[in-house]
Amino acid sequence: MFRVFQMDVVMRQHRVGLLLAGVALSATLGCGGTNGPERVAVTGTVVLDGQPLSSGVIRFIPTGATHGPAAAATITNGRYETTAAQGPVPGTHRVEIEATGYYGFAIDDEAAYVAQVEKNGGRFPANPVPEIYNRRSTLTAEVAASGQTPLDFALSAASQHTAQR
C-alpha cells in the first residue's frame, strides 16, 4: 500500500512539473514571440505655402496591401519624427496633415473658448491646412523598410486640387 501511495505522489509531482514547464515555456514564447508588426522611424518636413508649418500633427494610415496600425507624429516648426517603436509600418500610406494651435489659445482653456464663442458667434478660424491634406487627404507616401528616406511635404493653402509630395 505504501508503494502505491509513493507512486501516486511521484506521478502527481511529475504532472505538476510538466504543467509548470508548459507555463514557463508559453510565457517565454508569448504570442508568436513579437511585439507587433515591424515599424520604422521616419522624419521629414511639412511646409505650407513655402513656410514651415508651426505646429500640427501628421498621420500615416496604411492603405492598399499595407496592413498594420496607423502612426502619428507631432509637427513643430515644420519638422516631425517618430521612433521605430511608434513609427509606421513599411508600405503605402494615406497621409493626413493638420495644423494645431491656430485658435490662439489652448483648446482646453474653457474661459478662452467661451470668449471665442461669444465674440464670433460660435465660429472658429478654419484650419489653415486645406481638407485635401487632412480629412479628405489625397496625400500618399511610400514608407521604406529601412525608414531612411525623409518624407517631406509641400502643401498649398490655395490648392484644392492635387497635393504635392
# chains A, B, ... in the order shown; residues from 1 in each chain; ligands from 1
call {"tool": "select_by_dssp", "arguments": {"residues": "segment 40-135 of chain A", "states": "strand (DSSP E or B)", "output": "VMD selection string"}}
result
chain A and resid 43 to 48 51 to 52 55 to 62 71 to 76 79 to 81 91 to 99
call {"tool": "residues_around", "arguments": {"residues": "segment 96-104 of chain A", "least_positions_apart": "6", "cutoff": "10 Å", "atoms": "only C-alpha atoms", "output": "PDB file with N, CA and C atoms, in the first residue's frame"}}
result
ATOM      1  N   VAL A  46       7.278  69.587 -43.152  1.00  0.00           N
ATOM      2  CA  VAL A  46       5.990  69.980 -43.711  1.00  0.00           C
ATOM      3  C   VAL A  46       6.022  71.496 -43.866  1.00  0.00           C
ATOM      4  N   LEU A  48       3.855  74.853 -45.612  1.00  0.00           N
ATOM      5  CA  LEU A  48       2.586  75.334 -46.147  1.00  0.00           C
ATOM      6  C   LEU A  48       2.867  76.674 -46.806  1.00  0.00           C
ATOM      7  N   LEU A  53       5.281  74.599 -41.301  1.00  0.00           N
ATOM      8  CA  LEU A  53       4.049  74.545 -40.516  1.00  0.00           C
ATOM      9  C   LEU A  53       4.447  74.649 -39.046  1.00  0.00           C
ATOM     10  N   SER A  54       3.979  75.700 -38.360  1.00  0.00           N
ATOM     11  CA  SER A  54       4.454  75.964 -36.997  1.00  0.00           C
ATOM     12  C   SER A  54       4.112  74.849 -36.023  1.00  0.00           C
ATOM     13  N   SER A  55       2.892  74.342 -36.073  1.00  0.00           N
ATOM     14  CA  SER A  55       2.530  73.219 -35.202  1.00  0.00           C
ATOM     15  C   SER A  55       1.418  72.421 -35.865  1.00  0.00           C
ATOM     16  N   GLY A  56       1.475  71.127 -35.670  1.00  0.00           N
ATOM     17  CA  GLY A  56       0.467  70.278 -36.286  1.00  0.00           C
ATOM     18  C   GLY A  56       0.682  68.824 -35.938  1.00  0.00           C
ATOM     19  N   VAL A  57      -0.027  67.987 -36.657  1.00  0.00           N
ATOM     20  CA  VAL A  57       0.087  66.539 -36.489  1.00  0.00           C
ATOM     21  C   VAL A  57       0.063  65.915 -37.878  1.00  0.00           C
ATOM     22  N   ILE A  58       0.861  64.866 -38.038  1.00  0.00           N
ATOM     23  CA  ILE A  58       0.893  64.100 -39.285  1.00  0.00           C
ATOM     24  C   ILE A  58       0.549  62.661 -38.935  1.00  0.00           C
ATOM     25  N   ARG A  59      -0.336  62.070 -39.750  1.00  0.00           N
ATOM     26  CA  ARG A  59      -0.754  60.684 -39.517  1.00  0.00           C
ATOM     27  C   ARG A  59      -0.446  59.844 -40.752  1.00  0.00           C
ATOM     28  N   PHE A  60       0.047  58.640 -40.520  1.00  0.00           N
ATOM     29  CA  PHE A  60       0.311  57.675 -41.579  1.00  0.00           C
ATOM     30  C   PHE A  60      -0.677  56.534 -41.410  1.00  0.00           C
ATOM     31  N   ILE A  61      -1.576  56.361 -42.392  1.00  0.00           N
ATOM     32  CA  ILE A  61      -2.641  55.361 -42.307  1.00  0.00           C
ATOM     33  C   ILE A  61      -2.414  54.327 -43.407  1.00  0.00           C
ATOM     34  N   ALA A  72       1.343  58.335 -35.852  1.00  0.00           N
ATOM     35  CA  ALA A  72       1.217  59.795 -35.875  1.00  0.00           C
ATOM     36  C   ALA A  72       2.439  60.421 -35.225  1.00  0.00           C
ATOM     37  N   ALA A  73       2.694  61.668 -35.613  1.00  0.00           N
ATOM     38  CA  ALA A  73       3.800  62.422 -35.023  1.00  0.00           C
ATOM     39  C   ALA A  73       3.387  63.879 -34.921  1.00  0.00           C
ATOM     40  N   THR A  74       3.978  64.572 -33.979  1.00  0.00           N
ATOM     41  CA  THR A  74       3.747  65.994 -33.794  1.00  0.00           C
ATOM     42  C   THR A  74       4.683  66.775 -34.714  1.00  0.00           C
ATOM     43  N   ILE A  75       4.131  67.804 -35.354  1.00  0.00           N
ATOM     44  CA  ILE A  75       4.923  68.688 -36.207  1.00  0.00           C
ATOM     45  C   ILE A  75       5.223  69.942 -35.390  1.00  0.00           C
ATOM     46  N   THR A  76       6.503  70.296 -35.305  1.00  0.00           N
ATOM     47  CA  THR A  76       6.927  71.502 -34.606  1.00  0.00           C
ATOM     48  C   THR A  76       7.903  72.255 -35.499  1.00  0.00           C
ATOM     49  N   ALA A 112     -11.177  80.941 -22.451  1.00  0.00           N
ATOM     50  CA  ALA A 112     -10.839  81.445 -23.787  1.00  0.00           C
ATOM     51  C   ALA A 112     -11.801  80.884 -24.835  1.00  0.00           C
ATOM     52  N   TYR A 113     -12.191  79.643 -24.668  1.00  0.00           N
ATOM     53  CA  TYR A 113     -13.140  79.020 -25.591  1.00  0.00           C
ATOM     54  C   TYR A 113     -14.481  79.754 -25.552  1.00  0.00           C
ATOM     55  N   GLN A 116     -14.243  83.113 -27.209  1.00  0.00           N
ATOM     56  CA  GLN A 116     -14.232  82.981 -28.676  1.00  0.00           C
ATOM     57  C   GLN A 116     -15.640  82.766 -29.204  1.00  0.00           C
ATOM     58  N   PHE A 124     -15.150  79.517 -35.419  1.00  0.00           N
ATOM     59  CA  PHE A 124     -13.725  79.443 -35.120  1.00  0.00           C
ATOM     60  C   PHE A 124     -12.949  79.569 -36.420  1.00  0.00           C
ATOM     61  N   PRO A 125     -11.699  79.991 -36.337  1.00  0.00           N
ATOM     62  CA  PRO A 125     -10.898  80.078 -37.556  1.00  0.00           C
ATOM     63  C   PRO A 125     -10.792  78.712 -38.224  1.00  0.00           C
ATOM     64  N   ALA A 126     -10.784  78.722 -39.549  1.00  0.00           N
ATOM     65  CA  ALA A 126     -10.638  77.468 -40.292  1.00  0.00           C
ATOM     66  C   ALA A 126      -9.199  76.981 -40.176  1.00  0.00           C
ATOM     67  N   ASN A 127      -9.055  75.668 -40.206  1.00  0.00           N
ATOM     68  CA  ASN A 127      -7.721  75.079 -40.202  1.00  0.00           C
ATOM     69  C   ASN A 127      -6.976  75.615 -41.422  1.00  0.00           C
ATOM     70  N   PRO A 128      -5.788  76.191 -41.264  1.00  0.00           N
ATOM     71  CA  PRO A 128      -5.062  76.730 -42.407  1.00  0.00           C
ATOM     72  C   PRO A 128      -4.631  75.668 -43.411  1.00  0.00           C
ATOM     73  N   VAL A 129      -4.613  74.406 -42.998  1.00  0.00           N
ATOM     74  CA  VAL A 129      -4.281  73.320 -43.914  1.00  0.00           C
ATOM     75  C   VAL A 129      -5.588  72.827 -44.542  1.00  0.00           C
ATOM     76  N   PRO A 130      -5.720  72.932 -45.878  1.00  0.00           N
ATOM     77  CA  PRO A 130      -6.963  72.508 -46.545  1.00  0.00           C
ATOM     78  C   PRO A 130      -7.309  71.042 -46.307  1.00  0.00           C
ATOM     79  N   GLU A 131      -8.603  70.733 -46.420  1.00  0.00           N
ATOM     80  CA  GLU A 131      -9.109  69.369 -46.197  1.00  0.00           C
ATOM     81  C   GLU A 131      -8.455  68.330 -47.091  1.00  0.00           C
ATOM     82  N   ILE A 132      -7.977  68.728 -48.278  1.00  0.00           N
ATOM     83  CA  ILE A 132      -7.361  67.722 -49.172  1.00  0.00           C
ATOM     84  C   ILE A 132      -6.061  67.176 -48.597  1.00  0.00           C
ATOM     85  N   TYR A 133      -5.593  67.764 -47.504  1.00  0.00           N
ATOM     86  CA  TYR A 133      -4.402  67.267 -46.834  1.00  0.00           C
ATOM     87  C   TYR A 133      -4.735  66.627 -45.491  1.00  0.00           C
ATOM     88  N   ASN A 134      -5.973  66.759 -45.016  1.00  0.00           N
ATOM     89  CA  ASN A 134      -6.319  66.136 -43.739  1.00  0.00           C
ATOM     90  C   ASN A 134      -7.548  65.254 -43.883  1.00  0.00           C
ATOM     91  N   ARG A 135      -8.724  65.718 -43.547  1.00  0.00           N
ATOM     92  CA  ARG A 135      -9.903  64.843 -43.540  1.00  0.00           C
ATOM     93  C   ARG A 135     -10.173  64.180 -44.888  1.00  0.00           C
ATOM     94  N   ARG A 136      -9.899  64.872 -45.963  1.00  0.00           N
ATOM     95  CA  ARG A 136     -10.116  64.324 -47.315  1.00  0.00           C
ATOM     96  C   ARG A 136      -8.783  64.223 -48.049  1.00  0.00           C
ATOM     97  N   SER A 137      -7.794  63.767 -47.342  1.00  0.00           N
ATOM     98  CA  SER A 137      -6.424  63.781 -47.853  1.00  0.00           C
ATOM     99  C   SER A 137      -6.240  62.992 -49.139  1.00  0.00           C
ATOM    100  N   THR A 138      -5.495  63.599 -50.047  1.00  0.00           N
ATOM    101  CA  THR A 138      -5.078  62.940 -51.276  1.00  0.00           C
ATOM    102  C   THR A 138      -3.592  62.611 -51.231  1.00  0.00           C
ATOM    103  N   LEU A 139      -2.955  62.895 -50.105  1.00  0.00           N
ATOM    104  CA  LEU A 139      -1.527  62.630 -49.955  1.00  0.00           C
ATOM    105  C   LEU A 139      -1.262  61.149 -49.725  1.00  0.00           C
ATOM    106  N   THR A 140      -0.213  60.639 -50.334  1.00  0.00           N
ATOM    107  CA  THR A 140       0.236  59.279 -50.058  1.00  0.00           C
ATOM    108  C   THR A 140       1.750  59.305 -49.882  1.00  0.00           C
ATOM    109  N   PHE A 153       6.801  67.140 -47.172  1.00  0.00           N
ATOM    110  CA  PHE A 153       5.539  67.500 -47.808  1.00  0.00           C
ATOM    111  C   PHE A 153       5.463  69.004 -48.006  1.00  0.00           C
ATOM    112  N   LEU A 155       2.816  71.785 -49.035  1.00  0.00           N
ATOM    113  CA  LEU A 155       1.375  71.996 -49.148  1.00  0.00           C
ATOM    114  C   LEU A 155       1.083  73.416 -49.611  1.00  0.00           C
TER     115      LEU A 155
END
call {"tool": "atom_distance", "arguments": {"atom1": "atom CA of Thr43 of chain A", "atom2": "atom CA of Phe105 of chain A"}}
result
27.8 Å
call {"tool": "closest_residue", "arguments": {"among": "A:Ala115, A:Ala70, A:Leu151, A:Ala157", "to": "Val89 of chain A", "atoms": "only C-alpha atoms"}}
result
A:Ala70
call {"tool": "residues_around", "arguments": {"residues": "Gln148 of chain A", "least_positions_apart": "3", "cutoff": "8 Å", "atoms": "only C-alpha atoms", "output": "list in words"}}
result
Ala41, Val42 and Ala144 of chain A
